[in-house]
Amino acid sequence: MEQLKHECGVAMVRLLKPLEYYKKKYATHRYGLGKLYLMMEKQHNRGQEGAGMACVNLTAQPGEEYMFRERAEGKDAITEIFSRIEGSAFPLFNSQLYMGHLRYSTTGKSGLKYVHPFLRRNNWRAKNLALCGNFNMTNIDEVFQHLTQQGQSPRYYGDAYITLELMGHRLDREVERLYDIAKSQGLQGTDITDYIDNHVDMTNVLRTTMQHFDGGYVMCGLTGSGEMFAVRDPWGIRPAFWYQDDEVVVVASERPVIQTCFDLEASQIRELQPGQSLIVNKAGRISTKQITTPQQYSACSFERIYFSRGSDCDIYKERKRLGELLTPDIIRAINGDVEHTVFSYIPNTAEVAFHGMTDGVRRLNAQVRIEKVVWKDIKLRTFISTGSERNDLAAHVYDVSYGSLRPYEDNLVIIDDSIVRGTTLRESIFKILDRLHPRKIVMVSSSPQIRYPDYYGIDMSRLEELCAFRAAVALIRERGMERLLTEVYERCRQDPDGENHVRAIYAPFTVGEINRKIVEMLRPDGMQASVELVFQSIEGLHEACPNHPGDWYFTGRYPTPGGTRMVNQAFINYMEFTTHNP
């Protein structure tokens, strides 16, 4: 219900045959461009605030454009940029390297200048760099300071732009290294240029760049001389998949995207490993290199619960299992009365978990009543400016199927992927469900309570926005335990780089106590039906998604030092704000 934003989606295509090969075999001179378009559209779920693409033509002559970039904002950005391409004077279909990006901002920064790919220009082909990624860096202050101490003066302050400048600087040094070698071999003029273009080693560039970063990332890039690369963070937080045959090398954020676009089996596609880079050089030679030392594996579990496409064979099974594991707690919540219970789901992304949940109930009871109870009706119009009008409109974003329940007799079980802020429950869902007069509403989350912000690319970066955190603080104040807040605040100030001190806020309470307080806080005035929350357990999460142990938003166990430092700072910010704004 509360749409979480994720940063972002990537797609790359490298043609390995001469362009005439594709024209003859596939009867189109736009094979590479068409595959990029399909891969971007298939990942539209990962970014609807903007999109961009870049390409490189290896056969362009001096005086001709060899590196092209196009970007646009908005949910229709993919359509817009490819429409522009149709009318472009630059023949993009003559390119051999293509890179695309879908953007969701998690920083609040918007505008075309923040849309990937970022481009660094130079008259030397090998010094041109186009960069995009699915990432969020937690130590950008330190990297910025590193750049300025070298004498650089970046024009923008943002992790994508600063990453471009740092990597561009290292690419310059690589070109200069090759220039010195070429000169020592007696080469002159364009022979030096050709030597550089044919010998750029992106391993050197990436190793001296990525060692500076703390965060979750998949970084992708193209150089003007024809290098293509994708590199994954050493914790494996953000995902990347790739495929090669004798015609193409492709990279995407999600496996089924490659499967669908190239008609492949899942087993044919490889996952980029933590700290590893896929590199394709100008000659089309493919290699994987270890760029950073792998750290404790922390692949993001939210990718499995919510963000990645449910059409992936493994994700589909995992989401069903997440729903199935909730069955005992749901049966308990309805006192075993399946006969007088209707099961449903919201939003559509929760459908697979819903099927797992109902399968679990069927194993205990042959009869399961399923209804489409909630419908998303309209979108909130931004031209409504006053608070009261916006709240009233928000309450009507969803509608219900009248007559789907027997009033005052039936329980209603609704499953969602996650419950983050609780705003939609309070302003809309609980109000409209109460119109059906259920005896009891059991609101189910296929993920555990979200207790901590994310700092690796998901739009939930403020503690006070999380309903679980607000509930824990409310319990602390109710029970006269305000001293705990002060103690945690002092620990965060004195030892910001140590452990996650915010975990102590939850320690005095059970999950059930926090659940009941959340219900109390989100329950609208005048609501008649009783409400109970059922969250996935941490144990259930790891049983269902055993290969994606990253669970910091639930447990507070951040995989990187930067994540721990930022959550401690978030609590400092919260306490200082509430002190001045009681």
# chains A, B, ... in the order shown; residues from 1 in each chain; ligands from 1

call {"tool": "select_by_dssp", "arguments": {"residues": "segment 487-533 of chain A", "states": "alpha helix (DSSP H)", "output": "list of chain:residue names"}}
result
A:Glu487, A:Val488, A:Tyr489, A:Glu490, A:Arg491, A:Cys492, A:Arg493, A:Gln494, A:Val511, A:Gly512, A:Glu513, A:Ile514, A:Asn515, A:Arg516, A:Lys517, A:Ile518, A:Val519, A:Glu520, A:Met521, A:Leu522

call {"tool": "closest_atom_pairs", "arguments": {"of": "segment 35-118 of chain A", "to": "segment 212-229 of chain A", "cutoff": "10 Å", "atoms": "only C-alpha atoms", "output": "tab-separated table"}}
result
residue	atom	partner	partner_atom	distance
A:Ala54	CA	A:Leu222	CA	8.2
A:Cys55	CA	A:Leu222	CA	7.8
A:Val56	CA	A:Gly224	CA	6.4
A:Asn57	CA	A:Gly226	CA	8.0
A:Leu58	CA	A:Gly226	CA	6.4
A:Tyr66	CA	A:Gly224	CA	7.1
A:Met67	CA	A:Gly224	CA	6.2
A:Phe68	CA	A:Gly224	CA	9.7
A:Gln96	CA	A:Gly226	CA	8.5
A:Leu97	CA	A:Gly226	CA	7.4
A:Tyr98	CA	A:Leu222	CA	8.2
A:Met99	CA	A:Gly221	CA	7.6
A:Gly100	CA	A:Cys220	CA	9.4
A:His101	CA	A:Cys220	CA	9.4
A:Pro117	CA	A:Gly221	CA	8.5
A:Phe118	CA	A:Gly221	CA	9.4

call {"tool": "residues_around", "arguments": {"residues": "Gln268 of chain A", "least_positions_apart": "6", "cutoff": "12 Å", "atoms": "only C-alpha atoms", "output": "JSON, numbers by chain"}}
result
{"A": [241, 242, 243, 244, 245, 255, 256, 258, 259, 262]}

call {"tool": "write_last_selection", "arguments": {"atoms": "N, CA and C atoms", "output": "CSV table (one decimal), in the first residue's frame"}}
result
chain,number,residue,atom,x,y,z
A,241,PHE,N,22.9,-9.3,-12.6
A,241,PHE,CA,23.0,-10.5,-13.3
A,241,PHE,C,23.5,-10.3,-14.7
A,242,TRP,N,24.2,-11.3,-15.3
A,242,TRP,CA,24.8,-11.1,-16.6
A,242,TRP,C,24.7,-12.4,-17.4
A,243,TYR,N,24.8,-12.2,-18.7
A,243,TYR,CA,24.8,-13.4,-19.6
A,243,TYR,C,25.7,-13.1,-20.8
A,244,GLN,N,26.3,-14.1,-21.4
A,244,GLN,CA,27.1,-13.9,-22.6
A,244,GLN,C,26.9,-15.1,-23.5
A,245,ASP,N,27.0,-14.9,-24.8
A,245,ASP,CA,27.1,-15.9,-25.8
A,245,ASP,C,28.0,-15.3,-26.9
A,255,ARG,N,17.3,-11.1,-12.9
A,255,ARG,CA,17.5,-12.2,-13.8
A,255,ARG,C,16.4,-12.4,-14.8
A,256,PRO,N,15.1,-12.4,-14.4
A,256,PRO,CA,14.0,-12.7,-15.4
A,256,PRO,C,14.0,-11.7,-16.6
A,258,ILE,N,16.6,-10.6,-18.2
A,258,ILE,CA,17.5,-11.2,-19.2
A,258,ILE,C,16.8,-12.5,-19.8
A,259,GLN,N,16.2,-13.3,-19.0
A,259,GLN,CA,15.5,-14.5,-19.5
A,259,GLN,C,14.5,-14.2,-20.5
A,262,PHE,N,16.0,-12.5,-23.9
A,262,PHE,CA,16.9,-13.3,-24.7
A,262,PHE,C,16.4,-14.8,-24.8

call {"tool": "select_by_dssp", "arguments": {"residues": "segment 505-537 of chain A", "states": "strand (DSSP E)", "output": "list in words"}}
result
Ser530, Val531, Glu532, Leu533, Val534 and Phe535 of chain A

call {"tool": "write_last_selection", "arguments": {"atoms": "N, CA and C atoms", "output": "compact mmCIF listing (two decimals), in the first residue's frame"}}
result
# COMPACT_ATOMS: atom_id res chain seq x y z
N SER A 530 -12.48 -4.61 15.39
CA SER A 530 -11.21 -4.81 16.10
C SER A 530 -10.12 -5.11 15.06
N VAL A 531 -8.88 -4.79 15.42
CA VAL A 531 -7.76 -4.94 14.48
C VAL A 531 -6.61 -5.65 15.19
N GLU A 532 -5.98 -6.56 14.48
CA GLU A 532 -4.76 -7.20 14.97
C GLU A 532 -3.74 -7.23 13.85
N LEU A 533 -2.49 -6.97 14.19
CA LEU A 533 -1.40 -7.04 13.22
C LEU A 533 -0.65 -8.35 13.38
N VAL A 534 -0.28 -8.93 12.24
CA VAL A 534 0.56 -10.13 12.22
C VAL A 534 1.74 -9.85 11.31
N PHE A 535 2.93 -9.86 11.86
CA PHE A 535 4.15 -9.64 11.09
C PHE A 535 4.91 -10.95 10.93

call {"tool": "residues_around", "arguments": {"residues": "segment 16-19 of chain A", "least_positions_apart": "2", "cutoff": "9 Å", "atoms": "only C-alpha atoms", "output": "number ranges by chain"}}
result
A: 14, 21-24, 29, 31, 93-96, 245-249, 283-285

call {"tool": "write_last_selection", "arguments": {"atoms": "N, CA and C atoms", "output": "short mmCIF file (atom, residue, chain, number, x, y, z; two decimals), in the first residue's frame"}}
result
data_model
loop_
_atom_site.label_atom_id
_atom_site.label_comp_id
_atom_site.auth_asym_id
_atom_site.auth_seq_id
_atom_site.Cartn_x
_atom_site.Cartn_y
_atom_site.Cartn_z
N ARG A 14 26.29 -5.31 -24.93
CA ARG A 14 27.53 -5.19 -25.72
C ARG A 14 27.44 -6.17 -26.87
N TYR A 21 26.19 -8.44 -39.14
CA TYR A 21 25.74 -9.76 -38.69
C TYR A 21 24.31 -9.69 -38.16
N TYR A 22 24.02 -8.69 -37.35
CA TYR A 22 22.69 -8.56 -36.74
C TYR A 22 21.65 -8.13 -37.77
N LYS A 23 22.08 -7.30 -38.71
CA LYS A 23 21.16 -6.88 -39.76
C LYS A 23 20.73 -8.08 -40.61
N LYS A 24 21.67 -8.97 -40.87
CA LYS A 24 21.37 -10.14 -41.69
C LYS A 24 20.56 -11.18 -40.92
N HIS A 29 18.54 -3.25 -38.19
CA HIS A 29 19.78 -2.57 -37.88
C HIS A 29 19.72 -1.97 -36.47
N TYR A 31 19.16 -3.92 -33.54
CA TYR A 31 19.11 -5.05 -32.63
C TYR A 31 19.54 -4.64 -31.22
N PHE A 93 21.96 3.30 -33.84
CA PHE A 93 21.97 1.88 -34.18
C PHE A 93 23.33 1.45 -34.72
N ASN A 94 24.24 2.39 -34.96
CA ASN A 94 25.59 2.04 -35.38
C ASN A 94 26.51 1.79 -34.20
N SER A 95 25.99 1.85 -33.01
CA SER A 95 26.79 1.65 -31.80
C SER A 95 26.91 0.16 -31.46
N GLN A 96 27.93 -0.15 -30.70
CA GLN A 96 28.15 -1.52 -30.24
C GLN A 96 27.94 -1.67 -28.73
N ASP A 245 26.96 -14.86 -24.79
CA ASP A 245 27.10 -15.90 -25.80
C ASP A 245 28.04 -15.34 -26.86
N ASP A 246 28.04 -15.89 -28.05
CA ASP A 246 28.97 -15.38 -29.05
C ASP A 246 28.47 -14.13 -29.75
N GLU A 247 27.24 -13.67 -29.41
CA GLU A 247 26.67 -12.48 -30.04
C GLU A 247 26.65 -11.27 -29.12
N VAL A 248 26.38 -11.49 -27.83
CA VAL A 248 26.17 -10.36 -26.91
C VAL A 248 26.70 -10.68 -25.52
N VAL A 249 26.94 -9.60 -24.77
CA VAL A 249 27.09 -9.66 -23.32
C VAL A 249 26.06 -8.68 -22.77
N ALA A 283 38.15 -4.90 -27.56
CA ALA A 283 38.18 -6.02 -28.51
C ALA A 283 37.06 -7.02 -28.26
N GLY A 284 36.27 -6.83 -27.20
CA GLY A 284 35.18 -7.76 -26.90
C GLY A 284 35.59 -8.90 -26.00
N ARG A 285 36.79 -8.84 -25.44
CA ARG A 285 37.24 -9.88 -24.53
C ARG A 285 36.55 -9.69 -23.18
#

call {"tool": "closest_atom_pairs", "arguments": {"of": "segment 239-315 of chain A", "to": "segment 349-359 of chain A", "cutoff": "9 Å", "atoms": "only C-alpha atoms", "output": "tab-separated table"}}
result
residue	atom	partner	partner_atom	distance
A:Ile305	CA	A:Ala350	CA	8.7
A:Tyr306	CA	A:Thr349	CA	6.9
A:Phe307	CA	A:Thr349	CA	8.9
A:Arg309	CA	A:Thr349	CA	8.9
A:Gly310	CA	A:Val352	CA	7.6
